[in-house]
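Dropping work.txt in here (compact mmCIF, C-alpha atoms):
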```txt
# COMPACT_ATOMS: atom_id res chain seq x y z
CA MET A 1 -54.84 -60.77 26.63
CA ILE A 2 -55.41 -58.77 29.80
CA LYS A 3 -52.62 -59.15 32.37
CA LEU A 4 -53.11 -56.05 34.56
CA ILE A 5 -56.24 -54.37 35.94
CA ALA A 6 -55.79 -51.03 37.70
CA SER A 7 -58.63 -49.41 39.57
CA ASP A 8 -59.23 -46.36 41.71
CA LEU A 9 -61.01 -47.03 45.00
CA ASP A 10 -63.08 -44.15 46.39
CA GLU A 11 -66.22 -43.48 44.33
CA THR A 12 -65.10 -46.13 41.83
CA LEU A 13 -65.30 -49.29 43.95
CA LEU A 14 -66.78 -47.91 47.19
CA PRO A 15 -68.16 -44.70 48.75
CA GLU A 16 -65.50 -42.13 49.56
CA GLY A 17 -63.91 -42.34 53.00
CA THR A 18 -65.53 -45.66 53.95
CA PHE A 19 -64.75 -49.36 54.12
CA ASP A 20 -68.07 -50.29 52.47
CA LEU A 21 -66.56 -52.53 49.80
CA ASN A 22 -68.66 -55.32 48.32
CA PRO A 23 -66.94 -58.50 49.62
CA GLU A 24 -67.42 -60.12 46.20
CA TYR A 25 -64.41 -58.10 45.07
CA TYR A 26 -62.15 -60.31 47.18
CA ASP A 27 -63.29 -63.49 45.44
CA VAL A 28 -63.03 -61.91 42.00
CA ILE A 29 -59.51 -60.59 42.68
CA ARG A 30 -58.44 -64.08 43.82
CA GLN A 31 -59.88 -65.60 40.65
CA LEU A 32 -58.10 -63.02 38.51
CA SER A 33 -54.83 -63.81 40.31
CA ASP A 34 -55.35 -67.52 39.68
CA LYS A 35 -55.61 -66.71 35.97
CA GLY A 36 -52.38 -64.73 36.05
CA ILE A 37 -54.07 -61.31 35.99
CA LEU A 38 -52.58 -58.78 38.42
CA PHE A 39 -54.91 -56.35 40.20
CA ALA A 40 -53.56 -52.91 41.11
CA ALA A 41 -55.46 -50.89 43.74
CA SER A 42 -54.76 -47.22 43.05
CA SER A 43 -55.78 -44.46 45.43
CA GLY A 44 -54.95 -41.20 47.12
CA ARG A 45 -55.34 -43.13 50.36
CA HIS A 46 -52.32 -44.01 52.46
CA TYR A 47 -50.90 -47.51 52.08
CA SER A 48 -52.03 -48.48 55.59
CA SER A 49 -55.66 -47.75 54.71
CA ILE A 50 -55.57 -49.69 51.44
CA ALA A 51 -53.81 -52.66 53.02
CA LYS A 52 -56.56 -52.87 55.66
CA LEU A 53 -59.37 -52.39 53.15
CA LEU A 54 -58.04 -55.14 50.90
CA GLY A 55 -56.56 -57.23 53.69
CA PRO A 56 -57.91 -60.60 52.47
CA VAL A 57 -56.13 -60.16 49.12
CA LYS A 58 -53.33 -57.67 49.91
CA ASP A 59 -50.60 -60.21 49.12
CA ASP A 60 -52.15 -60.93 45.72
CA ILE A 61 -52.25 -57.32 44.52
CA VAL A 62 -49.99 -54.37 43.93
CA ILE A 63 -50.91 -51.18 45.80
CA LEU A 64 -50.46 -47.71 44.32
CA ALA A 65 -50.91 -45.46 47.35
CA GLY A 66 -50.72 -41.72 47.93
CA ASN A 67 -51.69 -40.94 44.33
CA GLY A 68 -48.72 -42.87 43.00
CA SER A 69 -46.05 -41.69 45.45
CA CYS A 70 -45.87 -45.14 47.04
CA VAL A 71 -45.95 -48.42 45.08
CA MET A 72 -46.05 -51.56 47.23
CA TRP A 73 -45.90 -55.27 46.41
CA LYS A 74 -46.29 -57.93 49.09
CA GLY A 75 -45.64 -55.37 51.83
CA LYS A 76 -42.40 -54.07 50.32
CA PRO A 77 -41.87 -50.87 48.33
CA LEU A 78 -41.30 -51.06 44.60
CA CYS A 79 -40.98 -47.30 44.45
CA LEU A 80 -41.19 -44.34 46.86
CA ARG A 81 -41.15 -40.79 45.49
CA GLU A 82 -40.71 -38.07 48.09
CA ILE A 83 -41.32 -34.33 48.07
CA PRO A 84 -38.20 -32.18 48.68
CA TYR A 85 -38.55 -31.00 52.26
CA GLU A 86 -38.13 -27.30 51.55
CA THR A 87 -40.87 -27.52 48.92
CA TYR A 88 -43.09 -29.33 51.40
CA LEU A 89 -42.60 -26.60 54.02
CA ARG A 90 -43.55 -23.93 51.48
CA ALA A 91 -46.63 -25.85 50.42
CA LEU A 92 -47.61 -26.37 54.04
CA LYS A 93 -47.61 -22.61 54.56
CA ASP A 94 -49.76 -22.06 51.47
CA MET A 95 -52.23 -24.77 52.49
CA ARG A 96 -52.57 -23.15 55.91
CA GLU A 97 -53.96 -20.06 54.19
CA VAL A 98 -56.73 -22.16 52.61
CA ASN A 99 -57.56 -24.51 55.48
CA PRO A 100 -55.51 -24.21 58.68
CA ASP A 101 -57.45 -27.04 60.35
CA ILE A 102 -57.21 -30.23 58.29
CA ILE A 103 -53.86 -31.04 56.70
CA LEU A 104 -52.33 -34.51 56.43
CA THR A 105 -48.75 -35.52 55.68
CA ASP A 106 -47.84 -39.02 54.48
CA HIS A 107 -44.77 -40.89 55.59
CA PRO A 108 -44.29 -44.47 54.33
CA ASP A 109 -45.65 -46.05 57.53
CA CYS A 110 -48.18 -43.51 58.77
CA VAL A 111 -49.99 -40.22 58.29
CA TYR A 112 -49.41 -37.19 60.50
CA THR A 113 -51.80 -34.37 61.34
CA ASP A 114 -51.69 -31.54 63.84
CA THR A 115 -55.42 -30.84 63.76
CA ASP A 116 -57.32 -29.98 66.92
CA ASN A 117 -60.61 -30.84 65.23
CA GLU A 118 -61.61 -34.03 67.05
CA GLU A 119 -64.57 -34.76 64.78
CA MET A 120 -62.39 -34.67 61.67
CA PHE A 121 -59.63 -36.65 63.37
CA ARG A 122 -62.08 -39.41 64.26
CA TRP A 123 -63.58 -39.41 60.75
CA ILE A 124 -60.18 -39.77 59.10
CA HIS A 125 -59.02 -42.36 61.62
CA ASP A 126 -62.21 -44.40 61.67
CA GLY A 127 -63.45 -43.80 58.11
CA TYR A 128 -60.20 -44.43 56.25
CA ARG A 129 -58.68 -46.57 59.08
CA VAL A 130 -55.32 -45.08 58.31
CA ASN A 131 -52.35 -45.27 60.69
CA LEU A 132 -52.95 -41.70 61.85
CA HIS A 133 -50.77 -39.88 64.38
CA ARG A 134 -51.28 -36.45 65.88
CA CYS A 135 -48.18 -34.28 66.15
CA GLU A 136 -47.60 -30.79 67.48
CA ASP A 137 -46.30 -29.29 64.26
CA LEU A 138 -46.41 -30.69 60.72
CA SER A 139 -43.36 -28.66 59.80
CA SER A 140 -41.23 -30.90 62.04
CA VAL A 141 -42.28 -34.38 60.88
CA GLY A 142 -39.03 -34.89 58.96
CA THR A 143 -38.35 -36.90 55.83
CA PRO A 144 -39.45 -38.68 53.74
CA VAL A 145 -42.67 -36.85 52.90
CA LEU A 146 -44.48 -38.76 50.16
CA LYS A 147 -47.65 -36.69 49.99
CA THR A 148 -49.42 -33.86 51.75
CA ALA A 149 -53.12 -33.10 51.52
CA MET A 150 -55.76 -30.71 52.77
CA PHE A 151 -59.50 -31.06 53.27
CA VAL A 152 -61.75 -28.47 51.60
CA SER A 153 -65.47 -28.05 52.12
CA SER A 154 -66.37 -27.46 48.46
CA ASP A 155 -65.08 -28.60 45.05
CA ALA A 156 -61.50 -29.83 45.49
CA ALA A 157 -60.75 -29.38 41.78
CA GLU A 158 -61.25 -25.62 42.08
CA TYR A 159 -58.79 -25.35 44.97
CA ALA A 160 -56.30 -27.64 43.24
CA GLY A 161 -56.35 -25.39 40.18
CA LYS A 162 -55.64 -22.30 42.26
CA LEU A 163 -52.76 -23.89 44.13
CA SER A 164 -51.12 -25.71 41.22
CA SER A 165 -49.92 -22.52 39.48
CA SER A 166 -47.57 -21.81 42.40
CA TYR A 167 -45.85 -25.20 42.02
CA SER A 168 -45.92 -25.85 38.28
CA GLY A 169 -42.33 -27.11 38.17
CA GLU A 170 -42.22 -28.76 41.58
CA LEU A 171 -45.45 -30.43 42.64
CA ASN A 172 -48.39 -32.20 41.08
CA VAL A 173 -51.48 -30.68 42.74
CA MET A 174 -54.70 -32.62 42.15
CA ALA A 175 -58.22 -33.17 43.37
CA ALA A 176 -58.59 -36.55 45.06
CA GLY A 177 -62.28 -37.11 45.62
CA THR A 178 -64.71 -34.32 46.37
CA HIS A 179 -63.00 -32.80 49.39
CA TRP A 180 -59.29 -33.57 49.23
CA VAL A 181 -56.50 -31.70 47.47
CA ASP A 182 -53.36 -33.85 47.22
CA LEU A 183 -49.81 -32.69 46.57
CA VAL A 184 -47.06 -35.05 45.40
CA VAL A 185 -43.74 -34.48 43.67
CA LYS A 186 -44.11 -33.14 40.11
CA SER A 187 -43.27 -36.32 38.20
CA VAL A 188 -45.75 -38.43 40.14
CA ASP A 189 -49.35 -39.45 39.56
CA LYS A 190 -51.28 -42.68 39.25
CA GLY A 191 -50.08 -42.95 35.65
CA THR A 192 -46.38 -42.92 36.54
CA ALA A 193 -47.08 -45.46 39.29
CA LEU A 194 -48.92 -47.71 36.85
CA GLY A 195 -46.00 -47.35 34.44
CA THR A 196 -43.67 -48.58 37.20
CA VAL A 197 -45.85 -51.66 37.64
CA GLN A 198 -46.00 -52.32 33.90
CA GLU A 199 -42.21 -52.12 33.65
CA LYS A 200 -41.61 -54.22 36.76
CA PHE A 201 -43.89 -57.05 35.65
CA GLY A 202 -43.26 -56.82 31.91
CA ILE A 203 -46.84 -55.87 31.06
CA SER A 204 -47.69 -53.70 28.08
CA MET A 205 -50.22 -50.90 27.81
CA GLN A 206 -52.32 -53.11 25.51
CA GLU A 207 -52.45 -55.77 28.25
CA THR A 208 -53.77 -53.26 30.80
CA ILE A 209 -57.25 -51.97 31.61
CA ALA A 210 -58.09 -49.24 34.14
CA PHE A 211 -61.08 -47.77 35.99
CA GLY A 212 -61.54 -44.35 37.57
CA ASP A 213 -63.82 -41.46 38.46
CA ASN A 214 -61.74 -38.37 39.30
CA GLY A 215 -59.13 -36.11 37.75
CA ASN A 216 -56.29 -37.86 39.57
CA ASP A 217 -57.19 -41.05 37.64
CA ILE A 218 -56.67 -39.62 34.15
CA GLY A 219 -52.94 -40.36 34.00
CA MET A 220 -53.69 -43.98 34.87
CA LEU A 221 -56.48 -44.25 32.30
CA LYS A 222 -54.14 -42.98 29.58
CA LEU A 223 -51.67 -45.81 30.27
CA ALA A 224 -54.31 -48.51 29.74
CA GLY A 225 -55.11 -50.18 26.47
CA HIS A 226 -58.78 -49.82 27.40
CA SER A 227 -60.10 -47.50 30.10
CA TYR A 228 -63.42 -47.14 31.87
CA ALA A 229 -65.06 -44.28 33.74
CA VAL A 230 -67.90 -44.99 36.14
CA GLU A 231 -71.14 -43.11 35.50
CA ASN A 232 -70.62 -40.89 38.55
CA ALA A 233 -67.20 -39.75 37.27
CA ARG A 234 -66.30 -36.14 36.56
CA ASP A 235 -66.94 -35.06 32.97
CA GLU A 236 -63.26 -34.72 32.12
CA VAL A 237 -62.69 -38.32 33.25
CA LYS A 238 -65.51 -39.58 31.07
CA GLU A 239 -63.96 -37.75 28.13
CA ALA A 240 -60.55 -39.31 28.83
CA ALA A 241 -61.92 -42.85 29.15
CA ASP A 242 -62.65 -45.21 26.27
CA GLU A 243 -65.95 -46.29 27.80
CA VAL A 244 -68.42 -45.09 30.44
CA ILE A 245 -70.03 -47.82 32.52
CA GLY A 246 -72.62 -47.83 35.31
CA PRO A 247 -72.27 -46.06 38.67
CA MET A 248 -70.12 -47.11 41.59
CA ARG A 249 -73.15 -47.78 43.76
CA GLU A 250 -74.31 -50.47 41.32
CA ASP A 251 -70.90 -52.19 41.41
CA ALA A 252 -70.26 -51.40 37.76
CA VAL A 253 -66.55 -52.30 37.99
CA LEU A 254 -67.34 -55.62 39.67
CA ASN A 255 -69.67 -56.49 36.81
CA ILE A 256 -66.94 -55.81 34.25
CA LEU A 257 -64.46 -57.93 36.19
CA LYS A 258 -66.95 -60.81 36.38
CA ALA A 259 -67.48 -60.55 32.63
CA LEU A 260 -63.72 -60.80 32.10
CA LEU A 261 -63.64 -63.98 34.16
```

Entire entry expressed as structure tokens:
Amino acid sequence: MIKLIASDLDETLLPEGTFDLNPEYYDVIRQLSDKGILFAASSGRHYSSIAKLLGPVKDDIVILAGNGSCVMWKGKPLCLREIPYETYLRALKDMREVNPDIILTDHPDCVYTDTDNEEMFRWIHDGYRVNLHRCEDLSSVGTPVLKTAMFVSSDAAEYAGKLSSSYSGELNVMAAGTHWVDLVVKSVDKGTALGTVQEKFGISMQETIAFGDNGNDIGMLKLAGHSYAVENARDEVKEAADEVIGPMREDAVLNILKALL
């Protein structure tokens, strides 16, 4: 019997960096909750963005934000995993060499940036609707830092691969969508966050299903008894999943959830 459904958001349920979610998802999530099935929204997005996106059902779901660094249930943290500050400062310097303009740093309540790029600031603020604050210097935001990320113009997976070798024992560096490279503490990903939820609610791997599209979803897919990749997923995600379904833009995940109901 299925008791837990975990799903990525961007490019799995809706277009990346938007709020264009089919409103049918709200009704389906409520119906799943009524049947005792917990829905877990898992994303590289900050908690504030996910809570707004899924506002009508946010008290019925568990939220795995910041690529697993922040696990929230009914507005309260189940688990927060922070980056050691000295490691964060070193990573910030390295990211500056790749893209000095667009870097974000997650605190539990908000996201900081020191960008002067107004167009990008408005896109992040309005597209993701995150609690975004501009600061003078990201090196002075203080603790706790849950995640830091940079925007890249081309394939994020390529940049993540280059950067990860410098932090093999300290940080988990991953592509999150097409243009974002996310850095969290080494032991953290969507899989460890899903494991926290399974342990907290007494749900087994066999009672879990998961959906995803990008490399940062693979850890989560591996902790599910049955896993799905959307058709638009990266090849390595399709290989990791048990089943490939239709594309995000045809609401493939929604169709599977309706079938379960």

List every residue of segment 91-210 of chain A that has an atom at most 9 Å from any atom of segment 35-52 of chain A, giving for each one its closest atom pair and the distance in Å to one decimal, counting all atoms listed in the file, sorted by chain and then by ascending residue number, as a Markdown table.
```
| residue | atom | partner | partner_atom | distance |
| --- | --- | --- | --- | --- |
| A:Asp106 | CA | A:His46 | CA | 7.0 |
| A:His107 | CA | A:His46 | CA | 8.7 |
| A:Pro108 | CA | A:Tyr47 | CA | 7.6 |
| A:Asp109 | CA | A:Ser48 | CA | 7.1 |
| A:Cys110 | CA | A:Ser48 | CA | 7.0 |
| A:Val111 | CA | A:His46 | CA | 7.3 |
| A:Tyr128 | CA | A:Ser49 | CA | 5.8 |
| A:Arg129 | CA | A:Ser49 | CA | 5.4 |
| A:Val130 | CA | A:Ser49 | CA | 4.5 |
| A:Asn131 | CA | A:Ser48 | CA | 6.0 |
| A:Ala176 | CA | A:Gly44 | CA | 6.3 |
| A:Gly177 | CA | A:Gly44 | CA | 8.5 |
| A:Asp182 | CA | A:Gly44 | CA | 7.5 |
| A:Lys190 | CA | A:Ser42 | CA | 6.9 |
| A:Ala193 | CA | A:Ser42 | CA | 8.7 |
| A:Leu194 | CA | A:Ala40 | CA | 8.2 |
| A:Val197 | CA | A:Ala40 | CA | 8.5 |
```

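Of the residues listed (A:Ala160, A:Ile102, A:Leu223, A:Cys79), A:Ile102 shows the shortest atom-to-atom separation from Thr115 of chain A; distances use all atoms listed in the file.
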
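One distance worth recording is that between atom CA of Leu163 of chain A and atom CA of Ala175 of chain A, which is 10.8 Å.
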
Note to self: So that I can check the surroundings of segment 199-209 of chain A, please list as a PyMOL selection string every protein, DNA and RNA residue that reaches within 6 Å of it, counting only C-alpha atoms and ignoring chain neighbours fewer than 6 positions away.
What the structure shows: chain A and resi 1-5+223-227

Margin query: Using all atoms listed in the file, can you tell me which of A:Ser7, A:Gly55, A:Glu97, A:Leu92 comes closest to Pro23 of chain A?
Written below: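 Among A:Ser7, A:Gly55, A:Glu97, A:Leu92, it is A:Gly55 that comes nearest to Pro23 of chain A.
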
Check: So, counting all atoms listed in the file, which residue among A:Leu146, A:Leu78, A:Leu54, A:Ala6 is closest to Asn22 of chain A?
Finding: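 Residue with the minimum atom-to-atom distance to Asn22 of chain A: A:Leu54.
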
Notebook entry, point to check: Quick one: residues within 12 Å of Lys76 of chain A, only C-alpha atoms counted, chain neighbours fewer than 4 positions away excluded, as number ranges by chain?
Noted result: A: 47, 51, 58-59, 61-64, 70-72, 80, 108-109

Notebook entry, point to check: Could you state the separation of atom CA of Glu170 of chain A and atom CA of Lys186 of chain A in Å, given to one decimal place?
Noted result: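 Distance reported for this atom pair: 5.0 Å.
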
I'd like the neighbourhood of segment 152-156 of chain A as an mmCIF file with C-alpha atoms, in the frame of the given file, where a residue qualifies if any of its atoms comes within 6 Å (using all atoms listed in the file), though same-chain residues fewer than 6 positions away should be ignored.
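Contents of selection18.cif, as written:
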```cif
data_model
loop_
_atom_site.group_PDB
_atom_site.id
_atom_site.type_symbol
_atom_site.label_atom_id
_atom_site.label_comp_id
_atom_site.auth_asym_id
_atom_site.auth_seq_id
_atom_site.Cartn_x
_atom_site.Cartn_y
_atom_site.Cartn_z
ATOM 1 C CA ALA A 175 -58.220 -33.170 43.370
ATOM 2 C CA THR A 178 -64.710 -34.320 46.370
ATOM 3 C CA HIS A 179 -63.000 -32.800 49.390
ATOM 4 C CA TRP A 180 -59.290 -33.570 49.230
ATOM 5 C CA VAL A 181 -56.500 -31.700 47.470
#
```

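We find atom CA of Gly212 of chain A and atom CA of Glu243 of chain A to be spaced 10.9 Å apart.
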
Padding 3 Å on each side, edges along x, y and z: where is the centre of the box around the listed atoms of segment 123-131 of chain A, and how long are its edges in Å to one decimal? Output it as AutoDock Vina command-line options.
```
--center_x -58.0 --center_y -43.0 --center_z 59.0 --size_x 17.2 --size_y 13.2 --size_z 11.4
```

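Proximity ranking of A:Met120, A:Val141, A:Ala91, A:Ala241 relative to Tyr167 of chain A places A:Ala91 first, based on all atoms listed in the file.
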
Take the point (-63.9, -49.3, 57.1) as written in the file and pick out every residue within 8 Å of it, counting all atoms listed in the file; give the list as a compact mmCIF listing (two decimals) with C-alpha atoms, keeping the file's coordinate frame.
```
# COMPACT_ATOMS: atom_id res chain seq x y z
CA THR A 18 -65.53 -45.66 53.95
CA PHE A 19 -64.75 -49.36 54.12
CA ASP A 20 -68.07 -50.29 52.47
CA LEU A 53 -59.37 -52.39 53.15
CA ASP A 126 -62.21 -44.40 61.67
CA GLY A 127 -63.45 -43.80 58.11
CA TYR A 128 -60.20 -44.43 56.25
CA ARG A 129 -58.68 -46.57 59.08
```

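Surrounding residues of (-54.2, -37.1, 58.8) at most 8 Å away are Ile102, Ile103, Leu104, Thr105, Asp106, Val111, Tyr112, Thr113, Asp114, Phe121, Ile124, His125, Leu132, His133 and Arg134 of chain A (based on all atoms listed in the file).
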
Check: A:Phe151, A:Arg122, A:Ile245, A:Arg81: which is nearest Pro100 of chain A, counting only C-alpha atoms?
Finding: A:Phe151

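Shortest atom-to-atom contact with Ile83 of chain A among A:Val253, A:Ala233, A:Leu221, A:Val185: A:Val185, counting all atoms listed in the file.
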